[in-house]
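Everything below belongs to entry15.pdb, which stores PDB, C-alpha atoms and all ligand atoms.
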```pdb
MODEL        1
ATOM      1  CA  MET X  75     115.613   3.631  74.080
ATOM      2  CA  ALA X  76     114.402   7.223  74.005
ATOM      3  CA  LYS X  77     110.881   8.043  72.903
ATOM      4  CA  LYS X  78     110.546   8.829  69.226
ATOM      5  CA  GLU X  79     108.376  11.903  69.630
ATOM      6  CA  HIS X  80     108.823  13.924  72.774
ATOM      7  CA  VAL X  81     108.600  17.407  74.246
ATOM      8  CA  GLU X  82     111.703  19.081  75.639
ATOM      9  CA  LEU X  83     111.638  22.128  77.924
ATOM     10  CA  VAL X  84     114.048  25.006  77.427
ATOM     11  CA  PRO X  85     113.889  27.414  80.379
ATOM     12  CA  ILE X  86     114.141  31.140  79.562
ATOM     13  CA  PHE X  87     113.912  34.280  81.685
ATOM     14  CA  ASP X  88     112.903  33.733  85.339
ATOM     15  CA  ASP X  89     110.147  31.166  84.952
ATOM     16  CA  ASN X  90     109.186  30.646  81.272
ATOM     17  CA  TYR X  91     109.495  27.424  79.304
ATOM     18  CA  VAL X  92     109.882  27.148  75.554
ATOM     19  CA  PHE X  93     108.561  23.754  74.456
ATOM     20  CA  ILE X  94     110.522  21.983  71.754
ATOM     21  CA  LEU X  95     108.601  19.126  70.174
ATOM     22  CA  THR X  96     111.183  16.726  68.860
ATOM     23  CA  ASP X  97     110.904  13.861  66.375
ATOM     24  CA  ASP X  98     113.940  11.597  66.607
ATOM     25  CA  ALA X  99     113.182   9.847  63.293
ATOM     26  CA  THR X 100     113.320  13.012  61.161
ATOM     27  CA  GLN X 101     115.268  15.374  63.473
ATOM     28  CA  LYS X 102     112.414  17.865  63.031
ATOM     29  CA  ALA X 103     111.337  20.174  65.817
ATOM     30  CA  VAL X 104     108.564  22.632  66.570
ATOM     31  CA  ALA X 105     108.990  25.463  69.093
ATOM     32  CA  VAL X 106     106.094  26.798  71.152
ATOM     33  CA  ASP X 107     106.194  30.397  72.449
ATOM     34  CA  PRO X 108     109.905  31.186  72.044
ATOM     35  CA  GLY X 109     110.143  34.400  74.061
ATOM     36  CA  ASP X 110     113.908  34.390  73.602
ATOM     37  CA  ALA X 111     115.950  33.004  70.687
ATOM     38  CA  GLY X 112     119.456  32.369  72.065
ATOM     39  CA  PRO X 113     118.745  29.395  74.352
ATOM     40  CA  VAL X 114     116.435  27.851  71.728
ATOM     41  CA  ILE X 115     119.006  28.134  68.925
ATOM     42  CA  ASP X 116     121.683  26.659  71.210
ATOM     43  CA  PHE X 117     119.379  23.755  72.067
ATOM     44  CA  LEU X 118     118.420  23.054  68.432
ATOM     45  CA  ARG X 119     122.037  23.192  67.248
ATOM     46  CA  ALA X 120     123.281  20.952  70.075
ATOM     47  CA  LYS X 121     120.651  18.317  69.222
ATOM     48  CA  LYS X 122     121.075  18.831  65.453
ATOM     49  CA  LEU X 123     117.385  19.611  65.038
ATOM     50  CA  ASP X 124     115.747  21.442  62.175
ATOM     51  CA  LEU X 125     112.997  23.843  63.193
ATOM     52  CA  ALA X 126     109.879  23.024  61.113
ATOM     53  CA  ALA X 127     107.518  25.602  62.646
ATOM     54  CA  ILE X 128     106.913  28.043  65.470
ATOM     55  CA  LEU X 129     103.581  28.022  67.318
ATOM     56  CA  LEU X 130     102.443  31.065  69.265
ATOM     57  CA  THR X 131      99.618  31.176  71.799
ATOM     58  CA  HIS X 132      99.332  34.941  72.340
ATOM     59  CA  HIS X 133     101.027  38.259  71.736
ATOM     60  CA  HIS X 134     102.895  38.903  75.018
ATOM     61  CA  SER X 135     106.590  39.591  74.517
ATOM     62  CA  ASP X 136     107.763  36.793  76.840
ATOM     63  CA  HIS X 137     106.134  34.412  74.318
ATOM     64  CA  ILE X 138     107.101  35.973  70.987
ATOM     65  CA  GLY X 139     110.348  37.886  71.653
ATOM     66  CA  GLY X 140     112.626  35.309  69.995
ATOM     67  CA  VAL X 141     110.518  34.680  66.889
ATOM     68  CA  GLY X 142     112.231  37.112  64.497
ATOM     69  CA  GLU X 143     115.679  35.686  65.148
ATOM     70  CA  LEU X 144     114.508  32.056  64.957
ATOM     71  CA  LYS X 145     112.586  32.682  61.749
ATOM     72  CA  ALA X 146     115.681  34.250  60.195
ATOM     73  CA  ALA X 147     117.859  31.327  61.297
ATOM     74  CA  PHE X 148     115.528  28.480  60.235
ATOM     75  CA  ASP X 149     113.183  30.041  57.659
ATOM     76  CA  CYS X 150     110.111  28.285  59.084
ATOM     77  CA  PRO X 151     106.410  29.218  59.184
ATOM     78  CA  VAL X 152     105.123  31.054  62.251
ATOM     79  CA  TYR X 153     101.565  30.309  63.430
ATOM     80  CA  ALA X 154      99.653  32.757  65.601
ATOM     81  CA  PRO X 155      96.093  33.690  66.573
ATOM     82  CA  GLN X 156      94.174  35.404  63.800
ATOM     83  CA  LYS X 157      92.823  37.857  66.378
ATOM     84  CA  ASN X 158      96.406  39.025  67.068
ATOM     85  CA  GLN X 159      97.417  39.825  63.477
ATOM     86  CA  LYS X 160      98.215  43.430  64.404
ATOM     87  CA  GLN X 161     100.151  42.549  67.565
ATOM     88  CA  ILE X 162     102.264  39.769  65.985
ATOM     89  CA  PRO X 163     103.452  41.077  62.605
ATOM     90  CA  VAL X 164     106.318  38.555  62.579
ATOM     91  CA  ALA X 165     103.837  35.651  62.147
ATOM     92  CA  ASP X 166     102.622  34.514  58.723
ATOM     93  CA  GLN X 167      99.957  31.810  59.342
ATOM     94  CA  TRP X 168      96.738  32.802  61.125
ATOM     95  CA  LEU X 169      94.633  30.441  63.196
ATOM     96  CA  LYS X 170      91.146  30.420  64.659
ATOM     97  CA  GLU X 171      88.905  28.059  66.626
ATOM     98  CA  GLY X 172      88.748  24.556  65.137
ATOM     99  CA  ASP X 173      91.544  25.007  62.613
ATOM    100  CA  SER X 174      93.824  22.035  61.970
ATOM    101  CA  VAL X 175      97.557  22.525  61.636
ATOM    102  CA  THR X 176     100.176  19.978  60.633
ATOM    103  CA  CYS X 177     103.823  20.668  61.541
ATOM    104  CA  GLY X 178     106.365  17.918  60.934
ATOM    105  CA  PRO X 179     104.776  14.694  62.206
ATOM    106  CA  TRP X 180     102.311  16.464  64.510
ATOM    107  CA  ASP X 181      98.689  17.444  63.969
ATOM    108  CA  PHE X 182      97.090  20.100  66.131
ATOM    109  CA  THR X 183      93.590  21.381  66.629
ATOM    110  CA  VAL X 184      93.300  25.031  67.576
ATOM    111  CA  MET X 185      91.214  26.032  70.595
ATOM    112  CA  GLU X 186      90.386  29.690  71.219
ATOM    113  CA  LEU X 187      90.688  30.230  74.984
ATOM    114  CA  PRO X 188      90.148  33.935  75.709
ATOM    115  CA  GLY X 189      90.697  35.534  79.117
ATOM    116  CA  HIS X 190      94.405  36.162  79.694
ATOM    117  CA  THR X 191      94.256  37.898  76.299
ATOM    118  CA  LEU X 192      91.288  38.077  73.931
ATOM    119  CA  GLY X 193      93.010  36.264  71.079
ATOM    120  CA  HIS X 194      94.676  33.532  73.149
ATOM    121  CA  ILE X 195      94.745  30.104  71.486
ATOM    122  CA  ALA X 196      95.939  26.653  72.580
ATOM    123  CA  TYR X 197      97.232  23.787  70.460
ATOM    124  CA  TRP X 198      95.798  20.317  71.068
ATOM    125  CA  ASN X 199      97.551  17.172  69.833
ATOM    126  CA  GLN X 200      95.091  14.287  70.000
ATOM    127  CA  LYS X 201      97.643  11.514  69.380
ATOM    128  CA  HIS X 202      99.820  12.283  72.392
ATOM    129  CA  LYS X 203      97.131  14.132  74.394
ATOM    130  CA  TRP X 204      99.360  17.193  74.587
ATOM    131  CA  LEU X 205      97.879  20.647  75.177
ATOM    132  CA  PHE X 206     100.074  23.710  74.664
ATOM    133  CA  SER X 207      98.124  26.242  76.625
ATOM    134  CA  GLY X 208     100.305  29.348  77.023
ATOM    135  CA  ASP X 209      99.105  31.425  79.965
ATOM    136  CA  VAL X 210      95.532  30.117  80.320
ATOM    137  CA  ILE X 211      96.137  27.612  83.121
ATOM    138  CA  PHE X 212      99.062  26.980  85.467
ATOM    139  CA  GLY X 213      99.856  24.374  88.102
ATOM    140  CA  LEU X 214      97.247  25.035  90.839
ATOM    141  CA  GLY X 215      96.377  28.325  89.166
ATOM    142  CA  CYS X 216      95.347  30.194  86.050
ATOM    143  CA  GLY X 217      96.511  33.192  84.053
ATOM    144  CA  ARG X 218      95.674  36.748  84.979
ATOM    145  CA  LEU X 219      92.796  38.208  82.998
ATOM    146  CA  PHE X 220      94.551  41.085  81.246
ATOM    147  CA  GLU X 221      92.008  41.490  78.448
ATOM    148  CA  GLY X 222      89.117  39.080  78.882
ATOM    149  CA  THR X 223      86.163  38.889  81.250
ATOM    150  CA  PHE X 224      85.677  36.544  84.198
ATOM    151  CA  GLU X 225      83.105  34.693  82.092
ATOM    152  CA  GLN X 226      85.646  34.111  79.341
ATOM    153  CA  GLY X 227      88.357  32.992  81.786
ATOM    154  CA  TYR X 228      85.927  30.586  83.466
ATOM    155  CA  GLU X 229      84.644  29.165  80.163
ATOM    156  CA  SER X 230      88.179  28.647  78.847
ATOM    157  CA  LEU X 231      88.999  26.491  81.879
ATOM    158  CA  GLN X 232      85.746  24.573  81.430
ATOM    159  CA  ARG X 233      86.844  23.701  77.906
ATOM    160  CA  ILE X 234      90.175  22.381  79.160
ATOM    161  CA  LYS X 235      88.282  20.240  81.699
ATOM    162  CA  LYS X 236      86.427  18.555  78.830
ATOM    163  CA  LEU X 237      89.671  17.169  77.364
ATOM    164  CA  PRO X 238      90.570  13.539  78.181
ATOM    165  CA  PRO X 239      91.790  13.071  81.788
ATOM    166  CA  GLN X 240      95.178  11.774  80.634
ATOM    167  CA  THR X 241      95.865  15.119  78.916
ATOM    168  CA  LEU X 242      99.291  16.593  79.598
ATOM    169  CA  ILE X 243      99.141  20.363  79.943
ATOM    170  CA  TYR X 244     102.209  22.266  78.779
ATOM    171  CA  CYS X 245     101.760  25.684  80.369
ATOM    172  CA  THR X 246     104.376  28.371  79.814
ATOM    173  CA  HIS X 247     105.251  29.415  83.364
ATOM    174  CA  GLU X 248     106.684  27.627  86.402
ATOM    175  CA  TYR X 249     104.259  29.187  88.901
ATOM    176  CA  THR X 250     103.204  26.022  90.687
ATOM    177  CA  LYS X 251     105.083  26.659  93.937
ATOM    178  CA  SER X 252     103.719  30.147  94.439
ATOM    179  CA  ASN X 253     100.232  28.900  93.526
ATOM    180  CA  LEU X 254     100.562  26.187  96.179
ATOM    181  CA  GLU X 255     101.011  28.919  98.776
ATOM    182  CA  PHE X 256      97.787  30.485  97.528
ATOM    183  CA  CYS X 257      96.017  27.101  97.878
ATOM    184  CA  ARG X 258      97.206  26.904 101.484
ATOM    185  CA  ILE X 259      95.875  30.370 102.260
ATOM    186  CA  LEU X 260      92.616  29.370 100.630
ATOM    187  CA  THR X 261      92.158  26.136 102.590
ATOM    188  CA  ASN X 262      92.964  27.910 105.849
ATOM    189  CA  GLN X 263      90.181  30.420 105.294
ATOM    190  CA  ASP X 264      87.107  29.757 107.413
ATOM    191  CA  ASN X 265      84.609  30.688 104.746
ATOM    192  CA  THR X 266      86.379  29.179 101.759
ATOM    193  CA  PRO X 267      83.909  28.256  99.026
ATOM    194  CA  ILE X 268      86.352  25.853  97.351
ATOM    195  CA  THR X 269      87.018  22.543  98.956
ATOM    196  CA  GLY X 270      89.309  20.404  96.835
ATOM    197  CA  ASP X 271      90.659  16.989  97.715
ATOM    198  CA  SER X 272      92.994  17.825 100.625
ATOM    199  CA  GLU X 273      94.723  14.447 100.502
ATOM    200  CA  ALA X 274      95.404  14.910  96.801
ATOM    201  CA  LEU X 275      96.788  18.386  97.511
ATOM    202  CA  GLU X 276      99.226  16.979 100.091
ATOM    203  CA  LEU X 277     100.436  14.361  97.588
ATOM    204  CA  TYR X 278     100.777  17.117  95.011
ATOM    205  CA  ALA X 279     102.782  19.276  97.434
ATOM    206  CA  ASN X 280     105.133  16.382  98.245
ATOM    207  CA  GLU X 281     105.689  15.547  94.611
ATOM    208  CA  LEU X 282     106.302  19.227  93.876
ATOM    209  CA  SER X 283     108.911  19.674  96.599
ATOM    210  CA  ASN X 284     110.680  16.475  95.463
ATOM    211  CA  ARG X 285     110.803  17.738  91.906
ATOM    212  CA  ARG X 286     111.917  21.240  92.835
ATOM    213  CA  GLU X 287     114.708  19.833  95.011
ATOM    214  CA  LEU X 288     116.013  17.971  91.981
ATOM    215  CA  ASN X 289     115.527  21.123  89.906
ATOM    216  CA  LEU X 290     112.901  19.369  87.760
ATOM    217  CA  PRO X 291     109.954  21.225  86.263
ATOM    218  CA  SER X 292     106.386  20.765  87.507
ATOM    219  CA  VAL X 293     105.308  20.967  83.852
ATOM    220  CA  PRO X 294     103.624  19.171  82.101
ATOM    221  CA  LEU X 295     100.635  19.144  84.415
ATOM    222  CA  LYS X 296      98.322  16.140  84.441
ATOM    223  CA  LEU X 297      94.744  17.213  83.829
ATOM    224  CA  SER X 298      93.367  14.337  85.927
ATOM    225  CA  ILE X 299      95.307  15.653  88.936
ATOM    226  CA  GLU X 300      94.752  19.387  88.351
ATOM    227  CA  GLU X 301      91.015  18.700  88.253
ATOM    228  CA  SER X 302      91.050  17.547  91.850
ATOM    229  CA  VAL X 303      93.328  20.235  93.312
ATOM    230  CA  ASN X 304      93.443  23.368  91.129
ATOM    231  CA  PRO X 305      90.961  25.765  92.770
ATOM    232  CA  PHE X 306      90.252  27.529  89.489
ATOM    233  CA  LEU X 307      89.167  24.226  87.916
ATOM    234  CA  LEU X 308      87.145  23.398  91.029
ATOM    235  CA  ALA X 309      85.197  26.676  90.887
ATOM    236  CA  ARG X 310      81.574  25.681  90.329
ATOM    237  CA  ASP X 311      80.465  28.867  88.585
ATOM    238  CA  VAL X 312      81.690  32.219  87.299
ATOM    239  CA  GLU X 313      81.095  33.904  90.657
ATOM    240  CA  GLN X 314      83.387  31.462  92.478
ATOM    241  CA  PHE X 315      85.947  31.845  89.744
ATOM    242  CA  ARG X 316      85.771  35.637  90.056
ATOM    243  CA  TYR X 317      86.158  35.417  93.848
ATOM    244  CA  LEU X 318      89.299  33.270  93.495
ATOM    245  CA  ARG X 319      90.834  35.358  90.727
ATOM    246  CA  GLU X 320      90.299  38.604  92.660
ATOM    247  CA  LEU X 321      91.732  37.067  95.833
ATOM    248  CA  ARG X 322      94.751  35.781  93.881
ATOM    249  CA  ASN X 323      95.296  39.209  92.315
ATOM    250  CA  ARG X 324      95.684  40.681  95.808
ATOM    251  CA  GLN X 325      98.362  38.166  96.907
TER     252      GLN X 325
HETATM  253 ZN    ZN X 401     101.027  36.184  78.801
HETATM  254 FE    FE X 402     103.613  34.698  79.851
ENDMDL
END
```
Can you present the structure in this file as structure tokens?
Ligand code: ZN
Ligand code: FE
Amino acid sequence: MAKKEHVELVPIFDDNYVFILTDDATQKAVAVDPGDAGPVIDFLRAKKLDLAAILLTHHHSDHIGGVGELKAAFDCPVYAPQKNQKQIPVADQWLKEGDSVTCGPWDFTVMELPGHTLGHIAYWNQKHKWLFSGDVIFGLGCGRLFEGTFEQGYESLQRIKKLPPQTLIYCTHEYTKSNLEFCRILTNQDNTPITGDSEALELYANELSNRRELNLPSVPLKLSIEESVNPFLLARDVEQFRYLRELRNRQ
């Protein structure tokens, strides 16, 4: 028997996922960061789901591009960061740190996680230990700092680390494979300041290649595992984080 409440992944563009939270009992759904509408509408119609809300993490077009069309089709509320009111005029509900949101059967707490953008927020569901984290963290990596400082990017990852270890991280991009290559470069450096658990990284790499062969996503990430292998979570201070981020930017 299928799980009553679950998260489905709809791939869009080259490497984005739109997350569709689905409640089998009520046929209600919530979409996170729908950068494109067509594939999401097709998915919802095929599963006979009613869209109860749209959640947005930040203002980049690959995360919000489909919102207008979805809102017109389903007439649902659109939640977005208060700090991005100007950049996301299509939204109508504004969220800041600590706010609680209820959509269908799900409750979320809003976390402000600046760095990739200044207004970036994540949605935390305590019951299922789901984190919808946009472009803050990726498998074995983290988001580019387009707007925020290194301090902000570092602190945002520290906040994710404080969540329960069984947390499932729903990040928007399938970047894990390319980040693995970065991890390899890093571990082969003589003067690397980051030494993660190399055995854990090999297990991670095996699991990843198995999944990719079957065309399965690497998302959601398990926080307990990322903590032991993701160099950006292993960085001990802002300076190490800055070193890694600058090195990654040059790859
Ligand atoms: Zn982005
Ligand atoms: Fe993105």
Inset, instruction - Using the chain letters and numbers from the file, give me the residues hit by the PyMOL selection byres (((not hetatm)) within 7 of (chain X and resi 402)), as a list in words. - result: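 Given this file, the PyMOL selection byres (((not hetatm)) within 7 of (chain X and resi 402)) evaluates to His134, Asp136, His137, Gly208, Asp209, Thr246 and His247 of chain X.
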Please produce, as a Markdown table, a per-residue contact table for chain X versus ligand ZN 401 (chain X) (criterion: any atom at most 12 Å away, all atoms listed in the file considered), showing the nearest atom pair and its distance in Å to one decimal, sorted by chain then residue number.
```
| residue | atom | partner | partner_atom | distance |
| --- | --- | --- | --- | --- |
| X:Asn90 | CA | X:ZN401 | ZN | 10.2 |
| X:Asp107 | CA | X:ZN401 | ZN | 10.0 |
| X:Gly109 | CA | X:ZN401 | ZN | 10.4 |
| X:Leu130 | CA | X:ZN401 | ZN | 10.9 |
| X:Thr131 | CA | X:ZN401 | ZN | 8.7 |
| X:His132 | CA | X:ZN401 | ZN | 6.8 |
| X:His133 | CA | X:ZN401 | ZN | 7.4 |
| X:His134 | CA | X:ZN401 | ZN | 5.0 |
| X:Ser135 | CA | X:ZN401 | ZN | 7.8 |
| X:Asp136 | CA | X:ZN401 | ZN | 7.0 |
| X:His137 | CA | X:ZN401 | ZN | 7.0 |
| X:Ile138 | CA | X:ZN401 | ZN | 9.9 |
| X:Gly139 | CA | X:ZN401 | ZN | 11.9 |
| X:Pro188 | CA | X:ZN401 | ZN | 11.5 |
| X:Gly189 | CA | X:ZN401 | ZN | 10.4 |
| X:His190 | CA | X:ZN401 | ZN | 6.7 |
| X:Thr191 | CA | X:ZN401 | ZN | 7.4 |
| X:Leu192 | CA | X:ZN401 | ZN | 11.1 |
| X:Gly193 | CA | X:ZN401 | ZN | 11.1 |
| X:His194 | CA | X:ZN401 | ZN | 8.9 |
| X:Ile195 | CA | X:ZN401 | ZN | 11.4 |
| X:Ser207 | CA | X:ZN401 | ZN | 10.6 |
| X:Gly208 | CA | X:ZN401 | ZN | 7.1 |
| X:Asp209 | CA | X:ZN401 | ZN | 5.3 |
| X:Val210 | CA | X:ZN401 | ZN | 8.3 |
| X:Ile211 | CA | X:ZN401 | ZN | 10.8 |
| X:Phe212 | CA | X:ZN401 | ZN | 11.5 |
| X:Cys216 | CA | X:ZN401 | ZN | 11.0 |
| X:Gly217 | CA | X:ZN401 | ZN | 7.5 |
| X:Arg218 | CA | X:ZN401 | ZN | 8.2 |
| X:Leu219 | CA | X:ZN401 | ZN | 9.5 |
| X:Phe220 | CA | X:ZN401 | ZN | 8.5 |
| X:Glu221 | CA | X:ZN401 | ZN | 10.5 |
| X:Cys245 | CA | X:ZN401 | ZN | 10.6 |
| X:Thr246 | CA | X:ZN401 | ZN | 8.6 |
| X:His247 | CA | X:ZN401 | ZN | 9.2 |
```
Any chance you could export the current selection's C-alpha atoms as a short mmCIF file (atom, residue, chain, number, x, y, z; two decimals), in the frame of the given file?
```cif
data_model
loop_
_atom_site.label_atom_id
_atom_site.label_comp_id
_atom_site.auth_asym_id
_atom_site.auth_seq_id
_atom_site.Cartn_x
_atom_site.Cartn_y
_atom_site.Cartn_z
CA ASN X 90 109.19 30.65 81.27
CA ASP X 107 106.19 30.40 72.45
CA GLY X 109 110.14 34.40 74.06
CA LEU X 130 102.44 31.06 69.26
CA THR X 131 99.62 31.18 71.80
CA HIS X 132 99.33 34.94 72.34
CA HIS X 133 101.03 38.26 71.74
CA HIS X 134 102.90 38.90 75.02
CA SER X 135 106.59 39.59 74.52
CA ASP X 136 107.76 36.79 76.84
CA HIS X 137 106.13 34.41 74.32
CA ILE X 138 107.10 35.97 70.99
CA GLY X 139 110.35 37.89 71.65
CA PRO X 188 90.15 33.94 75.71
CA GLY X 189 90.70 35.53 79.12
CA HIS X 190 94.40 36.16 79.69
CA THR X 191 94.26 37.90 76.30
CA LEU X 192 91.29 38.08 73.93
CA GLY X 193 93.01 36.26 71.08
CA HIS X 194 94.68 33.53 73.15
CA ILE X 195 94.74 30.10 71.49
CA SER X 207 98.12 26.24 76.62
CA GLY X 208 100.30 29.35 77.02
CA ASP X 209 99.10 31.42 79.96
CA VAL X 210 95.53 30.12 80.32
CA ILE X 211 96.14 27.61 83.12
CA PHE X 212 99.06 26.98 85.47
CA CYS X 216 95.35 30.19 86.05
CA GLY X 217 96.51 33.19 84.05
CA ARG X 218 95.67 36.75 84.98
CA LEU X 219 92.80 38.21 83.00
CA PHE X 220 94.55 41.08 81.25
CA GLU X 221 92.01 41.49 78.45
CA CYS X 245 101.76 25.68 80.37
CA THR X 246 104.38 28.37 79.81
CA HIS X 247 105.25 29.42 83.36
#
```
Inset, instruction - Please work out which residues fall within 10 Å of (117.7, 19.5, 68.9), coordinates as given in the file, with all atoms listed in the file counting, and return them as a list in words. - result: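 Those within range, by chain then number, are Glu82, Ile94, Leu95, Thr96, Asp97, Asp98, Gln101, Lys102, Ala103, Val104, Val114, Ile115, Asp116, Phe117, Leu118, Arg119, Ala120, Lys121, Lys122, Leu123, Asp124 and Leu125 of chain X.
For the set X:Pro238, X:Pro113, X:Pro85, X:Gly215, the residue with the smallest atom-to-atom gap to Asn199 of chain X is X:Pro238, counting only C-alpha atoms.
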Inset, instruction - May I ask for the distance between atom CA of Ala126 of chain X and atom CA of Arg233 of chain X, given in Å to one decimal place? - result: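 Calculated distance between atom CA of Ala126 of chain X and atom CA of Arg233 of chain X is 28.5 Å.
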Inset, instruction - Rounded to one decimal place, report the atom CA of Asp166 of chain X-atom CA of Ala154 of chain X distance in Å. - result: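 One can read the atom CA of Asp166 of chain X to atom CA of Ala154 of chain X distance as 7.7 Å.
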Inset, instruction - Would you please work out which residue, of X:Tyr197, X:Phe93, X:Phe206, X:Tyr278, is nearest to His80 of chain X when using only C-alpha atoms? - result: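 Nearest to His80 of chain X: X:Phe93.
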Legend entry - Polymer residues at most 8 Å from segment 294-311 of chain X, all atoms listed in the file, same-chain spacing of 2 or more positions, as a PyMOL selection string: chain X and resi 213-216+228+231-232+235+238-245+257+268-272+274-275+291-292+313-315+318-319
Inset, instruction - Can you give me, as a count of residues only, the residues this file yields under the PyMOL selection byres (((chain X and resi 173) around 9) and not hetatm)? - result: 10
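Computed from the coordinates, the atom CA of Pro151 of chain X to atom CA of Gln167 of chain X distance equals 7.0 Å.
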Inset, instruction - Tell me, as JSON, numbers by chain, which residues lie within 10 Å of Glu255 of chain X, counting all atoms listed in the file; anything in the same chain fewer than 5 positions away does not count. - result: {"X": [214, 250, 260, 279, 325]}
Legend entry - Test item: residues at most 9 Å from Leu144 of chain X, all atoms listed in the file, excluding those fewer than 3 positions along its chain, as a ChimeraX atom specification: /X:108,110-112,114-115,125,128,140-141,147-150
Inset, instruction - Kindly indicate which residue among X:Ala196, X:Leu321, X:Ala146, X:Val81 lies nearest to Gln263 of chain X, using only C-alpha atoms for the distances. - result: X:Leu321
Inset, instruction - Tell me which protein, DNA and RNA residues are within 12 Å of segment 287-290 of chain X, counting only C-alpha atoms, leaving out same-chain ones fewer than 6 positions away, and put them as an NGL selection string. - result: :X and (83-85 or 248 or 251 or 280-281)
